[in-house]
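Structure data (JSON, C-alpha atoms and all ligand atoms) from entry_13.json:
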```json
[["chain", "number", "residue", "atom", "x", "y", "z"],
["A", 1, "MET", "CA", -82.52, 1.59, 144.24],
["A", 2, "ASN", "CA", -80.12, -0.87, 145.87],
["A", 3, "LYS", "CA", -76.89, -2.08, 144.25],
["A", 4, "PHE", "CA", -78.32, -5.49, 143.36],
["A", 5, "GLN", "CA", -81.32, -3.97, 141.58],
["A", 6, "LYS", "CA", -78.93, -1.66, 139.71],
["A", 7, "LEU", "CA", -77.02, -4.70, 138.50],
["A", 8, "ILE", "CA", -80.21, -6.54, 137.52],
["A", 9, "ASN", "CA", -81.34, -3.46, 135.58],
["A", 10, "LYS", "CA", -78.32, -3.78, 133.32],
["A", 11, "LYS", "CA", -79.89, -6.88, 131.79],
["A", 12, "ASN", "CA", -80.66, -6.26, 128.09],
["A", 13, "LYS", "CA", -79.10, -2.81, 128.38],
["A", 14, "SER", "CA", -75.37, -3.07, 128.99],
["A", 15, "LYS", "CA", -73.01, -5.97, 129.48],
["A", 16, "ILE", "CA", -71.79, -6.75, 132.99],
["A", 17, "VAL", "CA", -68.04, -6.97, 133.54],
["A", 18, "SER", "CA", -66.71, -9.18, 136.27],
["A", 19, "LEU", "CA", -63.24, -10.36, 137.26],
["A", 20, "THR", "CA", -61.60, -12.21, 140.13],
["A", 21, "ALA", "CA", -59.19, -10.75, 142.67],
["A", 22, "TYR", "CA", -57.39, -12.41, 145.55],
["A", 23, "SER", "CA", -55.50, -9.39, 146.89],
["A", 24, "LYS", "CA", -55.78, -5.64, 147.48],
["A", 25, "ASN", "CA", -53.29, -4.71, 144.75],
["A", 26, "MET", "CA", -55.11, -6.62, 142.02],
["A", 27, "ALA", "CA", -58.51, -5.46, 143.29],
["A", 28, "SER", "CA", -57.51, -1.80, 143.19],
["A", 29, "VAL", "CA", -56.29, -2.14, 139.59],
["A", 30, "ILE", "CA", -59.44, -3.84, 138.28],
["A", 31, "ASP", "CA", -62.14, -2.19, 140.39],
["A", 32, "ASN", "CA", -62.69, 0.77, 138.08],
["A", 33, "TYR", "CA", -63.39, -1.46, 135.08],
["A", 34, "CYS", "CA", -65.71, -3.94, 136.78],
["A", 35, "ASP", "CA", -69.28, -4.25, 137.97],
["A", 36, "ILE", "CA", -68.48, -7.28, 140.12],
["A", 37, "VAL", "CA", -65.20, -8.32, 141.74],
["A", 38, "LEU", "CA", -65.29, -11.96, 142.80],
["A", 39, "VAL", "CA", -62.99, -13.47, 145.38],
["A", 40, "GLY", "CA", -63.18, -16.89, 143.76],
["A", 41, "ASP", "CA", -62.14, -20.12, 145.38],
["A", 42, "SER", "CA", -60.19, -20.59, 142.15],
["A", 43, "LEU", "CA", -57.46, -19.07, 144.30],
["A", 44, "GLY", "CA", -56.86, -22.65, 145.47],
["A", 45, "SER", "CA", -55.56, -23.72, 142.07],
["A", 46, "VAL", "CA", -54.30, -20.35, 140.83],
["A", 47, "LEU", "CA", -52.30, -19.29, 143.91],
["A", 48, "TYR", "CA", -51.80, -22.45, 145.94],
["A", 49, "ASN", "CA", -51.50, -25.01, 143.14],
["A", 50, "TYR", "CA", -54.12, -27.24, 144.80],
["A", 51, "TYR", "CA", -55.47, -30.05, 142.66],
["A", 52, "SER", "CA", -59.02, -28.98, 143.47],
["A", 53, "THR", "CA", -60.87, -26.01, 144.95],
["A", 54, "ARG", "CA", -62.16, -28.47, 147.58],
["A", 55, "SER", "CA", -59.03, -27.85, 149.63],
["A", 56, "VAL", "CA", -59.78, -24.14, 150.03],
["A", 57, "THR", "CA", -60.83, -23.26, 153.57],
["A", 58, "LEU", "CA", -63.14, -20.64, 155.02],
["A", 59, "GLY", "CA", -60.14, -19.01, 156.71],
["A", 60, "MET", "CA", -58.30, -18.64, 153.40],
["A", 61, "MET", "CA", -61.35, -17.08, 151.72],
["A", 62, "ILE", "CA", -61.78, -14.64, 154.60],
["A", 63, "GLU", "CA", -58.14, -13.51, 154.68],
["A", 64, "HIS", "CA", -57.94, -12.99, 150.91],
["A", 65, "SER", "CA", -61.30, -11.21, 150.92],
["A", 66, "LYS", "CA", -60.19, -8.84, 153.68],
["A", 67, "SER", "CA", -57.27, -7.88, 151.47],
["A", 68, "VAL", "CA", -59.51, -7.51, 148.38],
["A", 69, "ARG", "CA", -61.96, -5.34, 150.34],
["A", 70, "LEU", "CA", -59.21, -2.73, 150.73],
["A", 71, "GLY", "CA", -58.97, -2.37, 146.96],
["A", 72, "VAL", "CA", -62.65, -2.54, 145.95],
["A", 73, "LYS", "CA", -64.34, 0.85, 146.17],
["A", 74, "LYS", "CA", -67.11, 0.80, 143.58],
["A", 75, "SER", "CA", -67.79, -2.73, 142.33],
["A", 76, "LEU", "CA", -70.04, -5.28, 143.99],
["A", 77, "MET", "CA", -67.78, -7.59, 145.95],
["A", 78, "VAL", "CA", -68.81, -11.24, 145.96],
["A", 79, "VAL", "CA", -67.04, -14.00, 147.89],
["A", 80, "ASP", "CA", -67.18, -17.72, 147.08],
["A", 81, "MET", "CA", -68.34, -19.95, 149.92],
["A", 82, "PRO", "CA", -65.77, -22.76, 149.90],
["A", 83, "PHE", "CA", -66.51, -26.49, 149.71],
["A", 84, "ASN", "CA", -68.14, -28.03, 152.79],
["A", 85, "THR", "CA", -69.14, -24.69, 154.30],
["A", 86, "TYR", "CA", -72.80, -24.89, 153.19],
["A", 87, "ARG", "CA", -73.76, -28.52, 153.84],
["A", 88, "ASN", "CA", -76.93, -27.56, 155.71],
["A", 89, "ASN", "CA", -78.92, -24.44, 156.63],
["A", 90, "LYS", "CA", -77.25, -23.94, 160.00],
["A", 91, "ASP", "CA", -73.65, -24.23, 158.73],
["A", 92, "ALA", "CA", -74.40, -22.17, 155.65],
["A", 93, "LEU", "CA", -75.89, -19.29, 157.62],
["A", 94, "LYS", "CA", -73.17, -19.34, 160.27],
["A", 95, "ASN", "CA", -70.40, -19.35, 157.64],
["A", 96, "ALA", "CA", -72.05, -16.83, 155.32],
["A", 97, "LYS", "CA", -72.54, -14.45, 158.26],
["A", 98, "LYS", "CA", -68.89, -14.92, 159.19],
["A", 99, "ILE", "CA", -67.76, -14.13, 155.62],
["A", 100, "MET", "CA", -70.03, -11.09, 155.39],
["A", 101, "SER", "CA", -69.10, -9.63, 158.77],
["A", 102, "LYS", "CA", -65.34, -10.26, 158.60],
["A", 103, "THR", "CA", -64.83, -9.21, 154.97],
["A", 104, "LYS", "CA", -67.61, -6.61, 154.53],
["A", 105, "CYS", "CA", -68.38, -8.13, 151.13],
["A", 106, "ASP", "CA", -71.74, -7.51, 149.43],
["A", 107, "ALA", "CA", -72.74, -11.10, 148.68],
["A", 108, "VAL", "CA", -71.68, -14.74, 148.64],
["A", 109, "LYS", "CA", -71.65, -17.23, 145.77],
["A", 110, "LEU", "CA", -72.64, -20.89, 146.11],
["A", 111, "GLU", "CA", -72.17, -23.62, 143.50],
["A", 112, "GLY", "CA", -75.18, -25.73, 142.58],
["A", 113, "GLY", "CA", -78.88, -25.83, 141.80],
["A", 114, "ARG", "CA", -81.65, -28.14, 143.01],
["A", 115, "LYS", "CA", -79.49, -29.91, 145.63],
["A", 116, "ILE", "CA", -78.81, -26.69, 147.53],
["A", 117, "ILE", "CA", -81.94, -24.72, 146.69],
["A", 118, "ASN", "CA", -83.34, -24.85, 150.24],
["A", 119, "ILE", "CA", -80.02, -23.67, 151.64],
["A", 120, "ILE", "CA", -79.98, -20.75, 149.19],
["A", 121, "LYS", "CA", -83.58, -19.87, 150.12],
["A", 122, "PHE", "CA", -82.67, -20.01, 153.80],
["A", 123, "LEU", "CA", -79.70, -17.66, 153.31],
["A", 124, "ILE", "CA", -81.78, -15.19, 151.33],
["A", 125, "LYS", "CA", -84.57, -15.32, 153.92],
["A", 126, "ASN", "CA", -81.90, -14.40, 156.45],
["A", 127, "LYS", "CA", -80.81, -11.38, 154.40],
["A", 128, "ILE", "CA", -77.67, -12.86, 152.86],
["A", 129, "PRO", "CA", -77.48, -11.79, 149.19],
["A", 130, "VAL", "CA", -76.60, -14.81, 147.04],
["A", 131, "MET", "CA", -75.14, -15.26, 143.56],
["A", 132, "GLY", "CA", -75.76, -18.64, 141.92],
["A", 133, "HIS", "CA", -73.35, -20.78, 139.91],
["A", 134, "LEU", "CA", -74.45, -23.45, 137.40],
["A", 135, "GLY", "CA", -72.89, -25.59, 134.68],
["A", 136, "LEU", "CA", -69.42, -26.78, 135.48],
["A", 137, "LEU", "CA", -69.13, -26.78, 139.26],
["A", 138, "PRO", "CA", -65.46, -27.10, 140.23],
["A", 139, "GLN", "CA", -66.30, -28.01, 143.85],
["A", 140, "SER", "CA", -68.31, -31.07, 142.70],
["A", 141, "GLU", "CA", -66.29, -32.10, 139.66],
["A", 142, "THR", "CA", -64.13, -35.18, 140.13],
["A", 143, "GLY", "CA", -63.11, -36.14, 136.61],
["A", 144, "ARG", "CA", -61.90, -34.15, 133.63],
["A", 145, "PHE", "CA", -63.55, -30.74, 133.18],
["A", 146, "ARG", "CA", -65.84, -30.71, 130.13],
["A", 147, "PHE", "CA", -68.48, -28.29, 128.96],
["A", 148, "LYS", "CA", -72.12, -28.86, 129.97],
["A", 149, "GLY", "CA", -75.23, -29.09, 127.87],
["A", 150, "LYS", "CA", -74.43, -31.77, 125.31],
["A", 151, "LYS", "CA", -77.40, -34.00, 126.13],
["A", 152, "ASN", "CA", -81.05, -32.97, 126.49],
["A", 153, "LEU", "CA", -81.35, -34.34, 130.01],
["A", 154, "GLU", "CA", -78.47, -32.18, 131.19],
["A", 155, "ARG", "CA", -79.72, -29.14, 129.23],
["A", 156, "ASN", "CA", -83.18, -29.34, 130.81],
["A", 157, "LYS", "CA", -81.71, -29.85, 134.26],
["A", 158, "ILE", "CA", -79.52, -26.74, 134.02],
["A", 159, "LEU", "CA", -82.32, -24.62, 132.53],
["A", 160, "ASN", "CA", -84.73, -25.69, 135.29],
["A", 161, "GLU", "CA", -82.13, -25.04, 137.95],
["A", 162, "ALA", "CA", -81.57, -21.51, 136.62],
["A", 163, "LYS", "CA", -85.33, -20.90, 136.99],
["A", 164, "LEU", "CA", -85.27, -22.37, 140.50],
["A", 165, "LEU", "CA", -82.38, -20.11, 141.50],
["A", 166, "GLU", "CA", -84.21, -17.08, 140.12],
["A", 167, "GLU", "CA", -87.35, -18.00, 142.09],
["A", 168, "ALA", "CA", -85.23, -18.48, 145.21],
["A", 169, "GLY", "CA", -84.09, -14.86, 144.90],
["A", 170, "VAL", "CA", -80.46, -14.94, 143.75],
["A", 171, "PHE", "CA", -79.49, -11.64, 142.09],
["A", 172, "SER", "CA", -77.39, -13.19, 139.32],
["A", 173, "ILE", "CA", -76.06, -16.56, 138.11],
["A", 174, "VAL", "CA", -72.59, -17.53, 136.90],
["A", 175, "LEU", "CA", -72.83, -19.98, 133.99],
["A", 176, "GLU", "CA", -69.59, -21.91, 133.68],
["A", 177, "CYS", "CA", -68.64, -23.92, 130.57],
["A", 178, "ILE", "CA", -72.09, -24.14, 129.04],
["A", 179, "GLU", "CA", -72.88, -24.84, 125.41],
["A", 180, "THR", "CA", -73.73, -21.67, 123.48],
["A", 181, "SER", "CA", -77.40, -22.27, 122.58],
["A", 182, "LEU", "CA", -78.16, -23.39, 126.14],
["A", 183, "ALA", "CA", -76.51, -20.28, 127.62],
["A", 184, "LYS", "CA", -78.62, -18.20, 125.21],
["A", 185, "LEU", "CA", -81.81, -20.03, 126.21],
["A", 186, "ILE", "CA", -81.12, -19.66, 129.94],
["A", 187, "THR", "CA", -80.27, -15.97, 129.56],
["A", 188, "ARG", "CA", -83.53, -15.35, 127.69],
["A", 189, "SER", "CA", -85.60, -17.43, 130.13],
["A", 190, "ILE", "CA", -84.77, -15.57, 133.32],
["A", 191, "LYS", "CA", -85.00, -11.93, 134.40],
["A", 192, "ILE", "CA", -81.78, -11.83, 136.42],
["A", 193, "PRO", "CA", -78.38, -11.47, 134.71],
["A", 194, "THR", "CA", -76.27, -14.45, 133.68],
["A", 195, "ILE", "CA", -72.51, -14.03, 133.92],
["A", 196, "GLY", "CA", -70.68, -16.38, 131.60],
["A", 197, "ILE", "CA", -67.29, -18.02, 131.79],
["A", 198, "GLY", "CA", -66.89, -20.30, 128.79],
["A", 199, "ALA", "CA", -70.60, -19.84, 128.17],
["A", 200, "SER", "CA", -70.74, -17.70, 124.99],
["A", 201, "ASN", "CA", -71.42, -14.00, 124.49],
["A", 202, "TYR", "CA", -75.18, -14.47, 124.85],
["A", 203, "CYS", "CA", -74.75, -14.12, 128.61],
["A", 204, "ASP", "CA", -75.56, -10.77, 130.18],
["A", 205, "GLY", "CA", -71.98, -10.43, 131.40],
["A", 206, "GLN", "CA", -68.63, -12.13, 131.43],
["A", 207, "ILE", "CA", -66.21, -13.18, 134.13],
["A", 208, "LEU", "CA", -62.64, -14.44, 133.84],
["A", 209, "VAL", "CA", -59.92, -15.24, 136.34],
["A", 210, "THR", "CA", -57.76, -12.10, 136.19],
["A", 211, "ASP", "CA", -54.50, -14.03, 136.56],
["A", 212, "ASP", "CA", -55.47, -16.00, 133.44],
["A", 213, "LEU", "CA", -56.39, -13.02, 131.28],
["A", 214, "VAL", "CA", -53.24, -11.05, 132.10],
["A", 215, "GLY", "CA", -51.04, -14.08, 131.50],
["A", 216, "LEU", "CA", -49.82, -14.48, 135.07],
["A", 217, "ASN", "CA", -51.29, -17.96, 135.44],
["A", 218, "PRO", "CA", -49.97, -20.15, 132.63],
["A", 219, "VAL", "CA", -53.22, -21.96, 131.74],
["A", 220, "LYS", "CA", -54.33, -23.07, 128.32],
["A", 221, "VAL", "CA", -58.10, -23.25, 128.41],
["A", 222, "LYS", "CA", -60.36, -22.74, 125.37],
["A", 223, "PHE", "CA", -62.47, -20.02, 126.99],
["A", 224, "VAL", "CA", -59.56, -17.90, 128.27],
["A", 225, "LYS", "CA", -58.27, -15.07, 126.11],
["A", 226, "LYS", "CA", -54.88, -13.73, 127.18],
["A", 227, "TYR", "CA", -54.90, -9.96, 126.97],
["A", 228, "SER", "CA", -51.29, -9.52, 128.06],
["A", 229, "ASN", "CA", -48.22, -11.47, 129.01],
["A", 230, "ILE", "CA", -47.47, -10.19, 132.48],
["A", 231, "GLN", "CA", -44.98, -13.03, 133.05],
["A", 232, "GLN", "CA", -42.75, -11.58, 130.32],
["A", 233, "ILE", "CA", -42.97, -8.08, 131.84],
["A", 234, "ILE", "CA", -42.05, -9.42, 135.28],
["A", 235, "LYS", "CA", -39.20, -11.48, 133.84],
["A", 236, "LYS", "CA", -37.72, -8.39, 132.14],
["A", 237, "ALA", "CA", -37.91, -6.33, 135.32],
["A", 238, "VAL", "CA", -36.44, -9.08, 137.49],
["A", 239, "SER", "CA", -33.65, -9.76, 135.02],
["A", 240, "LYS", "CA", -32.70, -6.03, 135.02],
["A", 241, "PHE", "CA", -32.75, -6.02, 138.83],
["A", 242, "SER", "CA", -30.57, -9.11, 139.01],
["A", 243, "LYS", "CA", -27.99, -7.61, 136.58],
["A", 244, "ASP", "CA", -27.94, -4.32, 138.50],
["A", 245, "VAL", "CA", -27.32, -6.12, 141.81],
["A", 246, "ARG", "CA", -24.55, -8.29, 140.37],
["A", 247, "MET", "CA", -22.89, -5.30, 138.70],
["A", 248, "LYS", "CA", -23.26, -3.27, 141.91],
["A", 249, "LYS", "CA", -25.41, -0.69, 140.14],
["A", 250, "PHE", "CA", -28.26, -1.12, 142.60],
["A", 251, "PRO", "CA", -28.76, 0.40, 145.08],
["A", 252, "ASN", "CA", -27.12, 3.65, 144.03],
["A", 253, "LYS", "CA", -27.08, 6.87, 146.04],
["A", 254, "LYS", "CA", -30.65, 7.69, 145.01],
["A", 255, "HIS", "CA", -31.93, 4.57, 146.74],
["A", 256, "SER", "CA", -29.72, 4.80, 149.84],
["A", 257, "TYR", "CA", -30.01, 6.68, 153.15],
["A", 258, "ILE", "CA", -27.04, 8.97, 153.55],
["A", 259, "ILE", "CA", -26.25, 11.39, 156.38],
["A", 260, "LYS", "CA", -24.11, 14.24, 155.15],
["A", 261, "ASN", "CA", -21.17, 15.41, 157.35],
["A", 262, "ILE", "CA", -20.48, 12.01, 158.83],
["B", 1, "LIG", "O1", -63.69, -19.42, 141.67],
["B", 1, "LIG", "C1", -63.82, -18.66, 140.70],
["B", 1, "LIG", "O2", -62.93, -17.90, 140.32],
["B", 1, "LIG", "C2", -65.10, -18.69, 140.00],
["B", 1, "LIG", "C3", -65.16, -18.05, 138.66],
["B", 1, "LIG", "C4", -64.33, -18.78, 137.71],
["B", 1, "LIG", "C5", -66.55, -17.88, 138.20],
["B", 1, "LIG", "O3", -66.05, -19.23, 140.51]]
```
Can you turn what I pasted into structure tokens?
Ligand code: KIV
Amino acid sequence: MNKFQKLINKKNKSKIVSLTAYSKNMASVIDNYCDIVLVGDSLGSVLYNYYSTRSVTLGMMIEHSKSVRLGVKKSLMVVDMPFNTYRNNKDALKNAKKIMSKTKCDAVKLEGGRKIINIIKFLIKNKIPVMGHLGLLPQSETGRFRFKGKKNLERNKILNEAKLLEEAGVFSIVLECIETSLAKLITRSIKIPTIGIGASNYCDGQILVTDDLVGLNPVKVKFVKKYSNIQQIIKKAVSKFSKDVRMKKFPNKKHSYIIKNI
């Protein structure tokens, strides 16, 4: 059984755990606890302070993913295709192949439904494993981020798009910022797993941006739960280091290279 089928088989049996990583060190810490490690284009806002993920380039995604690859040993590794890299079949295939071959990831993720369905089908036909992404689509969003699924028209559109993505052959779909009963309906209507972020615990799995959940990225978003305050831990360590340097306590002999008899 291949790794995608193994993931799909978790549906209705055990929850799928997924987190983001942008570097080897973070990837190697989280890998053991995850089913999927995503190199998300959220790195644009989280690491580079960009206003939008639209500024993230293919080169950036590839370099970060190469680093992440070094830390991911057991999880599925998925890489976001950045904005403007899948405008048509030809570009999408060329760029997806580049991502897959340079980073050795397992799959790519594309944002959108009906508008890009033929591109997704084309990638899958050409043996590129694809993860879908519906609901709030940061690459397309221009105004204020708000949850999806308030009105019937929007609810039906997202539900139909989930079915379209399943038919196209994606192995899983991220549902971002989707109203609870809609996330539940989508999850029950398709046979592939849904991975929620701000989309209730009815989804088959959950994903969060790791920097958010550990408290490294100071965001205040309803769907993020902070499980630690890494900033405080770093501050303590750095403050101790700074005192030691100023009081000439660091480096001491233990941390210095000394030749005896000189
Ligand atoms: O870019 C990202 O990190 C994502 C997740 C938030 C799902 O797409």
Sorted by chain and rising residue number, which residues of chain A lie within 8 Å of ligand LIG 1 (chain B), and what are their closest atom pairs and distances in Å to one decimal, counting all atoms listed in the file, as CSV?
```
residue,atom,partner,partner_atom,distance
A:Thr20,CA,B:LIG1,O2,5.8
A:Leu38,CA,B:LIG1,O2,6.9
A:Val39,CA,B:LIG1,O2,6.7
A:Gly40,CA,B:LIG1,O1,3.3
A:Asp41,CA,B:LIG1,O1,4.1
A:Ser42,CA,B:LIG1,O1,3.7
A:Leu43,CA,B:LIG1,O1,6.8
A:Thr53,CA,B:LIG1,O1,7.9
A:Asp80,CA,B:LIG1,O1,6.7
A:Lys109,CA,B:LIG1,O3,7.9
A:His133,CA,B:LIG1,O3,7.5
A:Pro138,CA,B:LIG1,O3,7.9
A:Val174,CA,B:LIG1,C5,6.2
A:Leu175,CA,B:LIG1,C5,7.8
A:Glu176,CA,B:LIG1,C5,6.8
A:Gly196,CA,B:LIG1,C5,7.9
A:Ile197,CA,B:LIG1,C5,6.5
A:Ile207,CA,B:LIG1,C5,6.2
A:Leu208,CA,B:LIG1,C4,6.1
A:Val209,CA,B:LIG1,O2,5.7
```
Just give me the gap between atom CA of A:Pro193 and atom CA of A:Lys121 in Å, one decimal is fine.
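About the pair atom CA of A:Pro193 and atom CA of A:Lys121: they are 18.3 Å apart.
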For a quick check of understanding, using all atoms listed in the file, which of A:Lys163, A:Lys127, A:Lys74, A:Lys148 has the smallest distance to A:Arg114?
A:Lys163
With distances taken over only C-alpha atoms, which residue among A:Lys225, A:Glu179, A:Asp211, A:Gly205 lies nearest A:Ser23?
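Between A:Lys225, A:Glu179, A:Asp211, A:Gly205, the residue approaching A:Ser23 most closely is A:Asp211.
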I'd like the interatomic distance between atom CA of A:Gly132 and atom CA of A:Ser172, to a tenth of an Å.
6.3 Å
Point out the residue among A:Thr187, A:Arg69, A:Asp204, A:Glu141 with the least atom-to-atom distance to A:Met100, counting all atoms listed in the file.
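Nearest candidate to A:Met100 out of A:Thr187, A:Arg69, A:Asp204, A:Glu141: A:Arg69.
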Show me, as CSV, the residues of stretch 106-220 of chain A having an atom within 12 Å of stretch 226-230 of chain A, each with the closest atom pair and its distance in Å, using all atoms listed in the file.
```
residue,atom,partner,partner_atom,distance
A:Leu208,CA,A:Lys226,CA,10.3
A:Val209,CA,A:Lys226,CA,10.6
A:Thr210,CA,A:Lys226,CA,9.6
A:Asp211,CA,A:Ile230,CA,9.0
A:Asp212,CA,A:Lys226,CA,6.7
A:Leu213,CA,A:Lys226,CA,4.4
A:Val214,CA,A:Ser228,CA,4.7
A:Gly215,CA,A:Asn229,CA,4.6
A:Leu216,CA,A:Ile230,CA,5.5
A:Asn217,CA,A:Ile230,CA,9.2
A:Pro218,CA,A:Asn229,CA,9.6
A:Val219,CA,A:Lys226,CA,9.6
A:Lys220,CA,A:Lys226,CA,9.4
```
Point-to-point distance in Å for atom CA of A:Ile128 and atom CA of A:Tyr86
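These atoms are spaced 13.0 Å apart.
Restricting the calculation to only C-alpha atoms, the smallest distance between A:Ser67 and any of A:Lys102, A:Arg87, A:Arg54, A:Lys248 is found for A:Lys102.
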Box for stretch 98-109 of chain A: with edges along x, y and z, all listed atoms inside and 4 Å added on each side, what are the centre and edge lengths in Å to one decimal, as JSON?
```
{"center_x": -68.8, "center_y": -11.9, "center_z": 152.5, "size_x": 15.9, "size_y": 18.6, "size_z": 21.4}
```
Long-range neighbours of A:Asn126 as a PDB file with C-alpha atoms, keeping the file's coordinate frame, 12 Å cut-off, only C-alpha atoms, 2 positions minimum in chain:
```
ATOM      1  CA  ASN A  89     -78.920 -24.440 156.630  1.00  0.00           C
ATOM      2  CA  LYS A  90     -77.250 -23.940 160.000  1.00  0.00           C
ATOM      3  CA  ALA A  92     -74.400 -22.170 155.650  1.00  0.00           C
ATOM      4  CA  LEU A  93     -75.890 -19.290 157.620  1.00  0.00           C
ATOM      5  CA  LYS A  94     -73.170 -19.340 160.270  1.00  0.00           C
ATOM      6  CA  ALA A  96     -72.050 -16.830 155.320  1.00  0.00           C
ATOM      7  CA  LYS A  97     -72.540 -14.450 158.260  1.00  0.00           C
ATOM      8  CA  ILE A 119     -80.020 -23.670 151.640  1.00  0.00           C
ATOM      9  CA  ILE A 120     -79.980 -20.750 149.190  1.00  0.00           C
ATOM     10  CA  LYS A 121     -83.580 -19.870 150.120  1.00  0.00           C
ATOM     11  CA  PHE A 122     -82.670 -20.010 153.800  1.00  0.00           C
ATOM     12  CA  LEU A 123     -79.700 -17.660 153.310  1.00  0.00           C
ATOM     13  CA  ILE A 124     -81.780 -15.190 151.330  1.00  0.00           C
ATOM     14  CA  ILE A 128     -77.670 -12.860 152.860  1.00  0.00           C
ATOM     15  CA  PRO A 129     -77.480 -11.790 149.190  1.00  0.00           C
ATOM     16  CA  VAL A 130     -76.600 -14.810 147.040  1.00  0.00           C
ATOM     17  CA  GLY A 169     -84.090 -14.860 144.900  1.00  0.00           C
TER      18      GLY A 169
END
```
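In this comparison, which uses all atoms listed in the file, the residue of A:Met26, A:Met81, A:Ile99, A:Leu134 approaching A:Ile62 most closely is A:Ile99.
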